[in-house]
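Data file: structure.txt. Format and content: compact mmCIF, C-alpha atoms and all ligand atoms.
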# COMPACT_ATOMS: atom_id res chain seq x y z
CA MET R 1 120.18 123.64 36.68
CA THR R 2 116.97 125.66 36.79
CA ASP R 3 117.21 129.31 37.74
CA PHE R 4 114.51 129.13 40.41
CA PHE R 5 116.85 129.55 43.38
CA LYS R 6 119.19 131.77 41.34
CA ASP R 7 122.76 131.28 42.55
CA GLN R 8 121.85 130.14 46.07
CA GLN R 9 124.71 127.99 47.35
CA PRO R 10 124.26 125.04 49.74
CA LEU R 11 123.80 126.41 53.25
CA ARG R 12 126.81 126.20 55.50
CA PHE R 13 127.01 125.69 59.24
CA ASP R 14 128.10 128.92 60.94
CA PRO R 15 127.15 129.36 64.59
CA GLN R 16 127.88 133.11 64.37
CA GLY R 17 126.29 133.61 60.95
CA THR R 18 123.74 136.35 60.43
CA ASP R 19 122.83 135.46 56.83
CA LEU R 20 121.02 132.40 55.49
CA CYS R 21 122.92 129.53 57.11
CA PHE R 22 122.60 126.89 59.82
CA ARG R 23 123.47 128.21 63.26
CA HIS R 24 122.61 125.03 65.17
CA TYR R 25 122.19 122.21 62.66
CA ASN R 26 125.60 120.67 62.23
CA PRO R 27 125.09 117.28 60.53
CA ASP R 28 128.43 115.90 61.72
CA GLU R 29 128.14 116.87 65.38
CA ILE R 30 128.06 113.77 67.56
CA LEU R 31 125.34 113.47 70.18
CA MET R 32 124.97 110.31 72.24
CA GLY R 33 127.39 108.54 69.90
CA LYS R 34 125.52 109.37 66.69
CA ARG R 35 125.78 112.10 64.04
CA MET R 36 123.12 114.79 64.27
CA GLU R 37 122.04 114.09 60.69
CA ASP R 38 121.49 110.43 61.57
CA HIS R 39 119.44 111.35 64.64
CA LEU R 40 117.15 113.84 62.97
CA ARG R 41 116.86 112.29 59.49
CA PHE R 42 115.22 115.37 57.97
CA ALA R 43 112.85 115.08 55.05
CA VAL R 44 111.26 117.69 52.78
CA ALA R 45 107.56 117.17 52.00
CA TYR R 46 107.00 117.50 48.26
CA TRP R 47 103.32 118.50 48.61
CA HIS R 48 103.70 121.60 50.75
CA SER R 49 106.85 122.95 49.14
CA PHE R 50 106.25 122.14 45.49
CA ALA R 51 102.59 121.27 44.91
CA TRP R 52 100.59 123.54 47.22
CA PRO R 53 99.38 126.67 45.39
CA GLY R 54 98.94 128.86 48.49
CA GLY R 55 95.17 128.71 48.83
CA ASP R 56 93.07 129.08 51.94
CA PRO R 57 89.29 128.70 52.44
CA PHE R 58 88.79 132.33 51.32
CA GLY R 59 91.24 132.64 48.46
CA SER R 60 92.99 130.52 45.86
CA GLN R 61 96.50 130.42 44.47
CA THR R 62 99.03 132.99 45.66
CA PHE R 63 102.23 131.22 44.55
CA ASP R 64 103.35 131.61 40.99
CA ARG R 65 105.70 128.69 40.41
CA PRO R 66 107.04 128.04 36.92
CA TRP R 67 106.20 124.31 37.25
CA PHE R 68 102.49 124.76 38.03
CA GLY R 69 100.35 122.98 35.44
CA GLU R 70 99.47 119.40 34.58
CA THR R 71 102.08 118.34 32.03
CA MET R 72 104.96 115.90 32.20
CA ASP R 73 107.49 118.59 31.30
CA LEU R 74 106.33 120.69 34.24
CA ALA R 75 106.42 117.64 36.54
CA ARG R 76 110.05 117.13 35.55
CA LEU R 77 110.83 120.81 36.13
CA LYS R 78 109.23 120.52 39.57
CA ALA R 79 111.47 117.52 40.32
CA ASP R 80 114.55 119.44 39.12
CA VAL R 81 113.76 122.35 41.46
CA ALA R 82 112.98 119.97 44.32
CA PHE R 83 116.36 118.27 44.04
CA GLU R 84 118.09 121.64 43.84
CA MET R 85 116.44 122.57 47.12
CA PHE R 86 117.42 119.23 48.70
CA GLU R 87 121.02 120.02 47.81
CA ILE R 88 120.87 123.59 49.13
CA LEU R 89 119.46 122.25 52.41
CA ASN R 90 121.62 119.12 52.45
CA VAL R 91 118.60 117.06 53.53
CA PRO R 92 118.98 113.28 53.57
CA PHE R 93 115.32 112.51 52.72
CA PHE R 94 112.16 113.57 50.93
CA CYS R 95 108.53 112.33 50.87
CA TRP R 96 105.76 112.41 48.26
CA HIS R 97 102.15 111.57 47.43
CA ASP R 98 101.52 110.23 43.92
CA ALA R 99 99.48 113.35 43.13
CA ASP R 100 102.34 115.68 44.10
CA ILE R 101 104.76 114.35 41.55
CA ARG R 102 102.73 113.46 38.45
CA PRO R 103 99.97 115.08 36.42
CA GLU R 104 96.56 113.46 36.81
CA GLY R 105 95.56 111.58 33.64
CA SER R 106 92.07 111.24 32.24
CA THR R 107 92.04 107.52 33.14
CA PHE R 108 93.70 105.46 35.85
CA ALA R 109 96.00 103.94 33.24
CA GLU R 110 97.14 107.36 32.06
CA SER R 111 97.79 108.56 35.63
CA ARG R 112 99.72 105.34 36.22
CA ARG R 113 101.90 105.85 33.15
CA ASN R 114 102.60 109.46 34.16
CA PHE R 115 103.47 108.32 37.65
CA GLU R 116 105.76 105.51 36.55
CA GLU R 117 107.58 107.84 34.19
CA ILE R 118 108.16 110.37 36.97
CA ILE R 119 109.28 107.64 39.36
CA ASP R 120 111.94 106.69 36.79
CA TYR R 121 112.88 110.36 36.53
CA LEU R 122 113.19 110.65 40.32
CA GLN R 123 115.27 107.50 40.37
CA GLY R 124 117.61 109.11 37.87
CA LYS R 125 117.85 112.27 40.00
CA MET R 126 118.58 110.19 43.10
CA GLU R 127 121.62 108.66 41.41
CA SER R 128 123.47 111.96 41.61
CA SER R 129 121.97 113.10 44.92
CA LYS R 130 122.43 112.07 48.53
CA THR R 131 118.70 112.51 49.20
CA ARG R 132 116.81 109.23 49.78
CA LEU R 133 113.09 108.53 50.02
CA LEU R 134 111.85 108.52 53.62
CA TRP R 135 108.35 107.53 52.58
CA GLY R 136 105.84 107.47 49.78
CA THR R 137 102.10 107.71 50.16
CA ALA R 138 98.92 107.94 48.09
CA ASN R 139 96.75 111.02 47.93
CA MET R 140 93.29 109.53 48.39
CA PHE R 141 91.58 112.69 49.62
CA SER R 142 91.94 115.52 47.05
CA HIS R 143 90.18 114.18 43.95
CA ARG R 144 86.38 114.29 44.08
CA ARG R 145 86.18 110.52 43.59
CA PHE R 146 87.45 110.22 47.17
CA MET R 147 84.98 112.69 48.67
CA SER R 148 83.23 109.90 50.61
CA GLY R 149 86.43 108.13 51.56
CA ALA R 150 88.87 105.71 49.95
CA ALA R 151 88.88 102.24 51.58
CA THR R 152 85.85 103.25 53.68
CA ASN R 153 83.84 104.47 50.68
CA PRO R 154 80.25 103.22 50.36
CA ASP R 155 81.10 102.43 46.71
CA PRO R 156 83.15 99.22 46.38
CA GLU R 157 84.61 100.46 43.10
CA ILE R 158 86.37 103.23 45.03
CA PHE R 159 87.77 100.53 47.33
CA ALA R 160 89.19 98.87 44.21
CA TRP R 161 90.54 102.23 42.95
CA SER R 162 92.19 102.76 46.33
CA ALA R 163 93.72 99.28 46.20
CA ALA R 164 95.13 100.04 42.73
CA THR R 165 96.48 103.38 43.95
CA VAL R 166 98.18 102.04 47.07
CA LYS R 167 99.62 99.06 45.18
CA LEU R 168 101.14 101.46 42.65
CA CYS R 169 102.54 103.77 45.33
CA LEU R 170 103.94 100.91 47.40
CA ASP R 171 105.62 99.41 44.31
CA ALA R 172 107.14 102.81 43.52
CA THR R 173 108.24 103.37 47.12
CA GLN R 174 110.01 100.03 47.03
CA LYS R 175 111.60 100.83 43.66
CA LEU R 176 113.07 104.06 45.04
CA GLY R 177 114.33 102.31 48.18
CA GLY R 178 111.82 104.11 50.42
CA GLN R 179 112.26 103.39 54.10
CA ASN R 180 108.56 103.53 55.02
CA TYR R 181 105.14 103.64 53.44
CA VAL R 182 102.55 105.96 55.05
CA LEU R 183 98.76 105.77 55.12
CA TRP R 184 96.97 108.87 56.26
CA GLY R 185 93.19 108.46 56.03
CA GLY R 186 92.11 112.04 55.41
CA ARG R 187 88.60 111.10 54.35
CA GLU R 188 88.44 107.73 56.09
CA GLY R 189 85.77 109.02 58.44
CA TYR R 190 82.44 110.74 58.04
CA GLU R 191 80.64 114.03 57.63
CA THR R 192 77.43 112.86 59.26
CA LEU R 193 76.45 109.68 61.07
CA LEU R 194 73.04 109.99 59.41
CA ASN R 195 74.41 108.51 56.17
CA THR R 196 77.23 106.42 57.64
CA ASP R 197 77.41 102.71 58.46
CA LEU R 198 80.18 103.08 61.00
CA LYS R 199 80.61 99.37 61.61
CA ARG R 200 80.91 98.53 57.92
CA GLU R 201 83.33 101.37 57.20
CA ARG R 202 85.68 100.36 60.01
CA GLN R 203 85.61 96.76 58.76
CA GLN R 204 86.50 97.96 55.25
CA ALA R 205 89.38 100.03 56.65
CA GLY R 206 90.68 97.07 58.66
CA ARG R 207 90.48 94.68 55.73
CA PHE R 208 92.21 97.23 53.49
CA LEU R 209 95.11 97.62 55.90
CA GLN R 210 95.45 93.82 56.16
CA MET R 211 95.64 93.65 52.36
CA VAL R 212 98.33 96.35 52.29
CA VAL R 213 100.40 94.47 54.88
CA ASP R 214 99.99 91.16 53.00
CA TYR R 215 101.09 92.85 49.79
CA LYS R 216 104.09 94.40 51.51
CA HIS R 217 105.22 90.92 52.53
CA LYS R 218 104.46 89.48 49.11
CA ILE R 219 106.76 91.94 47.34
CA GLY R 220 109.35 91.85 50.12
CA PHE R 221 109.15 95.56 50.91
CA GLU R 222 111.52 95.99 53.82
CA GLY R 223 110.31 99.36 55.03
CA ALA R 224 107.74 99.99 57.74
CA ILE R 225 104.03 100.50 57.12
CA LEU R 226 102.98 103.60 59.08
CA VAL R 227 99.53 104.94 59.88
CA GLU R 228 99.28 108.67 60.53
CA PRO R 229 96.57 109.53 63.07
CA LYS R 230 94.49 112.70 62.91
CA PRO R 231 91.14 113.35 64.62
CA GLN R 232 89.39 115.35 61.92
CA GLU R 233 89.91 117.70 58.98
CA PRO R 234 89.00 117.29 56.20
CA SER R 235 86.41 114.83 57.55
CA LYS R 236 84.34 115.81 60.56
CA HIS R 237 85.49 112.65 62.29
CA GLN R 238 88.46 110.55 61.20
CA TYR R 239 88.62 106.89 62.29
CA ASP R 240 92.39 107.10 62.91
CA TYR R 241 91.72 109.65 65.65
CA ASP R 242 94.92 109.40 67.69
CA VAL R 243 97.58 106.90 68.71
CA ALA R 244 95.39 105.19 71.31
CA THR R 245 92.50 104.80 68.87
CA VAL R 246 94.73 103.45 66.11
CA TYR R 247 96.31 100.97 68.51
CA GLY R 248 92.86 99.59 69.39
CA PHE R 249 92.12 99.38 65.66
CA LEU R 250 95.37 97.53 64.96
CA LYS R 251 94.64 95.06 67.78
CA GLU R 252 91.15 94.47 66.42
CA PHE R 253 92.56 93.54 63.01
CA GLY R 254 95.64 91.67 64.27
CA LEU R 255 98.08 94.26 62.89
CA GLU R 256 99.75 95.59 66.04
CA ASN R 257 103.05 93.94 65.16
CA GLU R 258 102.90 94.96 61.51
CA VAL R 259 102.09 98.67 61.55
CA LYS R 260 103.67 101.62 63.33
CA MET R 261 102.75 105.29 63.68
CA ASN R 262 103.72 108.43 61.84
CA ILE R 263 102.91 111.09 64.44
CA GLU R 264 102.33 114.71 63.52
CA GLN R 265 102.62 117.61 65.96
CA GLY R 266 99.59 119.47 64.63
CA HIS R 267 97.41 116.36 64.62
CA ALA R 268 98.28 115.66 68.25
CA ILE R 269 97.15 119.17 69.15
CA LEU R 270 93.91 118.80 67.16
CA ALA R 271 93.21 115.59 69.11
CA GLY R 272 93.56 117.48 72.38
CA HIS R 273 96.96 115.99 73.20
CA SER R 274 100.49 117.28 73.30
CA PHE R 275 102.99 116.01 70.72
CA GLU R 276 105.05 114.38 73.47
CA HIS R 277 101.97 112.58 74.76
CA GLU R 278 101.40 110.91 71.40
CA LEU R 279 105.09 110.04 71.09
CA ALA R 280 105.34 108.67 74.62
CA LEU R 281 102.22 106.56 74.17
CA ALA R 282 103.37 105.16 70.82
CA SER R 283 106.76 104.42 72.31
CA SER R 284 105.21 102.63 75.29
CA LEU R 285 103.17 100.49 72.86
CA GLY R 286 106.20 99.74 70.68
CA ILE R 287 104.68 101.45 67.61
CA LEU R 288 106.67 104.69 67.31
CA GLY R 289 107.74 104.93 63.68
CA SER R 290 108.33 108.44 62.36
CA ILE R 291 107.29 112.04 62.90
CA ASP R 292 105.69 114.79 60.83
CA MET R 293 107.19 117.92 62.32
CA ASN R 294 105.17 121.12 62.16
CA ARG R 295 103.07 123.30 64.46
CA ASN R 296 99.55 124.62 64.55
CA ASP R 297 98.41 128.11 65.27
CA TYR R 298 97.00 127.63 68.75
CA GLN R 299 94.24 130.18 68.22
CA SER R 300 92.85 129.05 64.88
CA GLY R 301 92.00 125.44 65.69
CA TRP R 302 93.05 124.33 62.18
CA ASP R 303 95.84 122.10 61.00
CA THR R 304 97.84 125.13 59.86
CA ASP R 305 101.00 123.10 59.14
CA GLN R 306 103.46 125.85 60.06
CA PHE R 307 107.15 125.24 60.38
CA PRO R 308 108.18 124.52 63.99
CA ASN R 309 109.61 127.44 65.94
CA ASN R 310 109.26 126.51 69.59
CA VAL R 311 112.39 124.96 71.06
CA PRO R 312 110.90 123.80 74.40
CA GLU R 313 108.11 121.92 72.59
CA VAL R 314 110.47 120.36 70.11
CA ALA R 315 112.90 119.40 72.90
CA LEU R 316 110.21 117.45 74.76
CA ALA R 317 109.29 115.66 71.53
CA TYR R 318 112.87 114.59 70.81
CA TYR R 319 113.26 113.62 74.46
CA GLU R 320 110.62 110.95 73.83
CA VAL R 321 112.23 109.94 70.53
CA LEU R 322 115.66 109.58 72.15
CA LYS R 323 114.26 107.66 75.11
CA ALA R 324 112.64 105.28 72.64
CA GLY R 325 116.10 104.63 71.20
CA GLY R 326 115.86 107.09 68.30
CA PHE R 327 114.56 106.58 64.78
CA THR R 328 115.22 103.36 62.89
CA THR R 329 113.37 103.62 59.56
CA GLY R 330 111.65 106.87 60.61
CA GLY R 331 112.76 110.47 60.52
CA THR R 332 111.67 114.09 60.84
CA ASN R 333 109.47 115.01 57.89
CA PHE R 334 108.64 118.70 57.62
CA ASP R 335 104.94 118.37 56.92
CA ALA R 336 104.91 122.16 56.93
CA LYS R 337 104.12 124.88 54.48
CA LEU R 338 104.94 128.51 53.98
CA ARG R 339 102.39 131.15 54.86
CA ARG R 340 100.60 132.11 51.66
CA GLN R 341 102.18 135.59 51.60
CA SER R 342 105.69 134.10 51.59
CA LEU R 343 106.07 134.22 47.84
CA ASP R 344 109.80 134.26 47.26
CA PRO R 345 111.97 131.21 46.53
CA VAL R 346 114.22 132.22 49.42
CA ASP R 347 111.25 131.90 51.79
CA LEU R 348 111.23 128.15 51.10
CA ILE R 349 114.91 127.87 52.00
CA ALA R 350 114.64 130.08 55.08
CA ALA R 351 111.61 128.16 56.36
CA HIS R 352 113.41 124.82 56.21
CA ALA R 353 116.72 126.18 57.48
CA GLY R 354 115.02 127.78 60.48
CA ALA R 355 113.05 124.62 61.21
CA MET R 356 116.18 122.47 60.97
CA ASP R 357 117.91 124.78 63.45
CA ILE R 358 114.94 124.60 65.83
CA CYS R 359 115.00 120.81 65.65
CA ALA R 360 118.76 120.76 66.20
CA ARG R 361 118.35 122.92 69.31
CA GLY R 362 115.53 120.68 70.54
CA LEU R 363 117.56 117.56 69.94
CA LYS R 364 120.61 118.99 71.72
CA ALA R 365 118.47 119.99 74.70
CA ALA R 366 116.88 116.55 74.79
CA ALA R 367 120.26 114.82 74.66
CA SER R 368 121.52 117.05 77.49
CA MET R 369 118.48 116.28 79.62
CA LEU R 370 119.05 112.57 79.14
CA ASP R 371 122.75 112.92 79.78
CA ASP R 372 122.10 114.90 82.97
CA GLY R 373 119.74 112.15 84.08
CA SER R 374 117.90 114.05 86.84
CA LEU R 375 114.53 113.75 85.15
CA GLU R 376 114.81 110.00 84.73
CA THR R 377 116.21 109.54 88.22
CA MET R 378 113.31 111.44 89.74
CA ARG R 379 110.83 109.46 87.65
CA GLU R 380 112.38 106.20 88.82
CA GLU R 381 112.33 107.36 92.44
CA ARG R 382 108.61 108.06 92.13
CA TYR R 383 107.96 104.40 91.33
CA ALA R 384 110.69 102.93 93.53
CA GLY R 385 108.12 101.34 95.85
CA TRP R 386 107.19 98.97 93.05
CA ASN R 387 110.61 97.32 93.28
CA SER R 388 109.87 95.91 96.75
CA PRO R 389 109.24 92.13 96.90
CA ALA R 390 105.77 92.73 98.41
CA ALA R 391 104.78 94.96 95.48
CA VAL R 392 106.14 92.56 92.86
CA LYS R 393 104.27 89.68 94.52
CA MET R 394 101.08 91.71 94.71
CA LEU R 395 101.00 92.29 90.95
CA SER R 396 101.08 88.58 90.24
CA GLY R 397 98.52 87.82 92.96
CA ASP R 398 94.76 88.37 93.11
CA LEU R 399 92.48 91.14 94.33
CA GLU R 400 91.85 89.51 97.71
CA SER R 401 95.52 89.17 98.62
CA ALA R 402 96.19 92.76 97.56
CA ALA R 403 93.24 93.88 99.71
CA ALA R 404 94.37 91.82 102.69
CA ARG R 405 97.67 93.68 102.86
CA ILE R 406 96.05 96.85 104.16
CA GLU R 407 94.95 95.37 107.50
CA ASP R 408 97.45 92.50 107.76
CA GLU R 409 100.42 94.84 107.35
CA SER R 410 98.68 97.88 108.93
CA LEU R 411 99.47 99.94 105.83
CA ASP R 412 99.01 103.70 106.11
CA PRO R 413 100.26 105.17 102.78
CA GLN R 414 101.22 108.85 102.85
CA PRO R 415 100.90 111.17 99.81
CA ARG R 416 104.20 112.32 98.29
CA SER R 417 104.94 115.33 96.16
CA GLY R 418 104.81 114.90 92.38
CA ARG R 419 107.52 117.62 92.24
CA GLN R 420 106.22 119.03 88.94
CA GLU R 421 107.67 122.52 89.33
CA ILE R 422 111.08 121.13 90.24
CA LEU R 423 110.96 118.94 87.14
CA GLU R 424 109.93 121.89 84.99
CA ASN R 425 112.79 123.91 86.40
CA ILE R 426 115.17 121.12 85.40
CA VAL R 427 113.84 121.16 81.83
CA ASN R 428 114.29 124.93 81.73
CA ARG R 429 117.98 124.54 82.47
CA PHE R 430 118.35 122.93 79.04
CA VAL R 431 115.94 124.61 76.62
C1 LIG Q 501 97.49 115.98 56.47
C2 LIG Q 501 98.54 114.99 56.60
C3 LIG Q 501 99.24 114.59 55.32
C4 LIG Q 501 100.00 113.32 55.51
C5 LIG Q 501 100.33 112.59 54.26
O1 LIG Q 501 97.04 116.57 57.45
O2 LIG Q 501 99.46 115.44 57.55
O3 LIG Q 501 100.06 115.63 54.88
O4 LIG Q 501 101.17 113.54 56.23
O5 LIG Q 501 99.20 112.23 53.55
NI NI Q 502 98.72 117.13 58.75
NI NI Q 503 101.31 114.61 57.96
Can the structure from this file be put into structure tokens for me?
Ligand code: XLS
Ligand code: NI
Ligand code: NI
Amino acid sequence: MTDFFKDQQPLRFDPQGTDLCFRHYNPDEILMGKRMEDHLRFAVAYWHSFAWPGGDPFGSQTFDRPWFGETMDLARLKADVAFEMFEILNVPFFCWHDADIRPEGSTFAESRRNFEEIIDYLQGKMESSKTRLLWGTANMFSHRRFMSGAATNPDPEIFAWSAATVKLCLDATQKLGGQNYVLWGGREGYETLLNTDLKRERQQAGRFLQMVVDYKHKIGFEGAILVEPKPQEPSKHQYDYDVATVYGFLKEFGLENEVKMNIEQGHAILAGHSFEHELALASSLGILGSIDMNRNDYQSGWDTDQFPNNVPEVALAYYEVLKAGGFTTGGTNFDAKLRRQSLDPVDLIAAHAGAMDICARGLKAAASMLDDGSLETMREERYAGWNSPAAVKMLSGDLESAAARIEDESLDPQPRSGRQEILENIVNRFV
């Protein structure tokens, strides 16, 4: 035991509690025939909680964690504290980047040895913990070698470095029984078109993803490969802009049946969408994989990665997840960080506990909305005309026969209400 969280006991579920506890998240509560824990599949993100120093564009480190520093002993201490927090929160999953868990070496080989040693250490910790790996990923955006991209870099040697990095991370994800492998292309984009061969870079990205998928099959990794869309930041323009863009990209490279999406609330907002839009679209395309749960500050226009605290928003997100049949390999990863003034260890616990409660409330509201059924009934009614034999026939016919219907059948279609306010009132009965 470290003494970082002092004598903090695992949080209990107490609906009336006024101290640090879960008031809504009850892992064993059954909703739609499934335990709440198995619906939500919470994960802690190693990078925000244990690796991020608390900097912003105007100031550097504010957190003073005893494990900060680039040594193996400190990396092990960080892992010890992480697993203590997983136990306090009773979370079933965690996620990492290679750079979060190991010190950077002076050569690739040294970084690899550090990484492999820490992976063994994590494997040991997982033997006495319930917490599994939701996904692993490679950080190919922080080190200066990646400043012009990873797979899309103008320098082919960086492409090779990226291949070595992803291979290592995918091997480690498989070793730890990870349920997914994520690729977020933070610098797979450009700063200026003036120095960018857009066509070539997209081809490199497509080829890279094909190689990753081939390798996944070669080693028999059973998890899902997930791409995480984001429109910009840190690059001015990111190629994996949003779900629709990534789907077009996957089709172009023949990967639409191989790769799914990891959708993040804040990235959806940055792309000018709502979270539920991105989820609904991915679900309609059959590529909904997992979610990164967080929220942006709506005034700042940055990816502020705050913990979620808006039940109506979260409810509409889980409504889409539940309608899609729920998570299979995916889950709810808190890709969220403390505010940089939240210095105390207890702030880390409170942030996650509050977010887990918000998600539980959202999930319960979503399940009630589905159970009530009015929303889906009204949606079906809106399209009921399409069930008529004439409409079914029209869709398999040609433009001329569809056109002929207007005069042949003397059609005179009348506008009907979209009933938006009534639908919103229904939602408000549950959130
Ligand atoms: C950054 C991304 C990142 C990914 C993993 O905006 O959300 O944290 O989830 O590389
Ligand atoms: Ni993000
Ligand atoms: Ni993310």
Q: Excluding Gln306 (chain R) and residues on its chain fewer than 3 positions from it, collect all residues at most 8 Å away from it, counting all atoms listed in the file, and give them as a ChimeraX atom specification.
A: /R:294-297,336-339
Q: For Phe249 (chain R), list every protein, DNA or RNA residue within 10 Å, evaluated using all atoms listed in the file, and leave out those in the same chain fewer than 5 positions away; present the list as a PyMOL selection string.
A: chain R and resi 202-203+205-206+239-240+243-244+254-256
**Q.** Contacts to ligand NI 503 (chain Q) at 7 Å cut-off (all atoms listed in the file) as a list in words
**A.**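 After applying the 7 Å limit, what remains is Glu228, Glu264, Asp292 and Asp335 of chain R.
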Give me a file of those residues, with C-alpha atoms, as a PDB file, keeping the file's coordinate frame.
ATOM      1  CA  GLU R 228      99.280 108.670  60.530  1.00  0.00           C
ATOM      2  CA  GLU R 264     102.330 114.710  63.520  1.00  0.00           C
ATOM      3  CA  ASP R 292     105.690 114.790  60.830  1.00  0.00           C
ATOM      4  CA  ASP R 335     104.940 118.370  56.920  1.00  0.00           C
TER       5      ASP R 335
END
Q: Give the residues close to ligand LIG 501 (chain Q), within 9 Å, counting only C-alpha atoms and all ligand atoms; write them as a VMD selection string.
A: chain R and resid 45 47 to 48 95 to 97 136 to 141 182 to 186 228 to 230 232 to 234 262 to 264 266 to 267 292 303 to 305 333 335 to 336
Q) Which value, in Å to one decimal, gives the distance between CA of Pro308 (chain R) and CA of Tyr181 (chain R)? A)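 Value for the CA of Pro308 (chain R)-CA of Tyr181 (chain R) distance: 23.6 Å.
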Q: Record the distance separating CA of Leu363 (chain R) and CA of Ala315 (chain R), expressed in Å with one decimal.
A: 5.8 Å
Q: List the residues sitting within 7 Å of (101.8, 102.2, 68.5) in the file's frame, using all atoms listed in the file, as a list in words.
A: Val243, Tyr247, Lys260, Met261, Ala282, Ser283, Leu285, Gly286, Ile287 and Leu288 of chain R
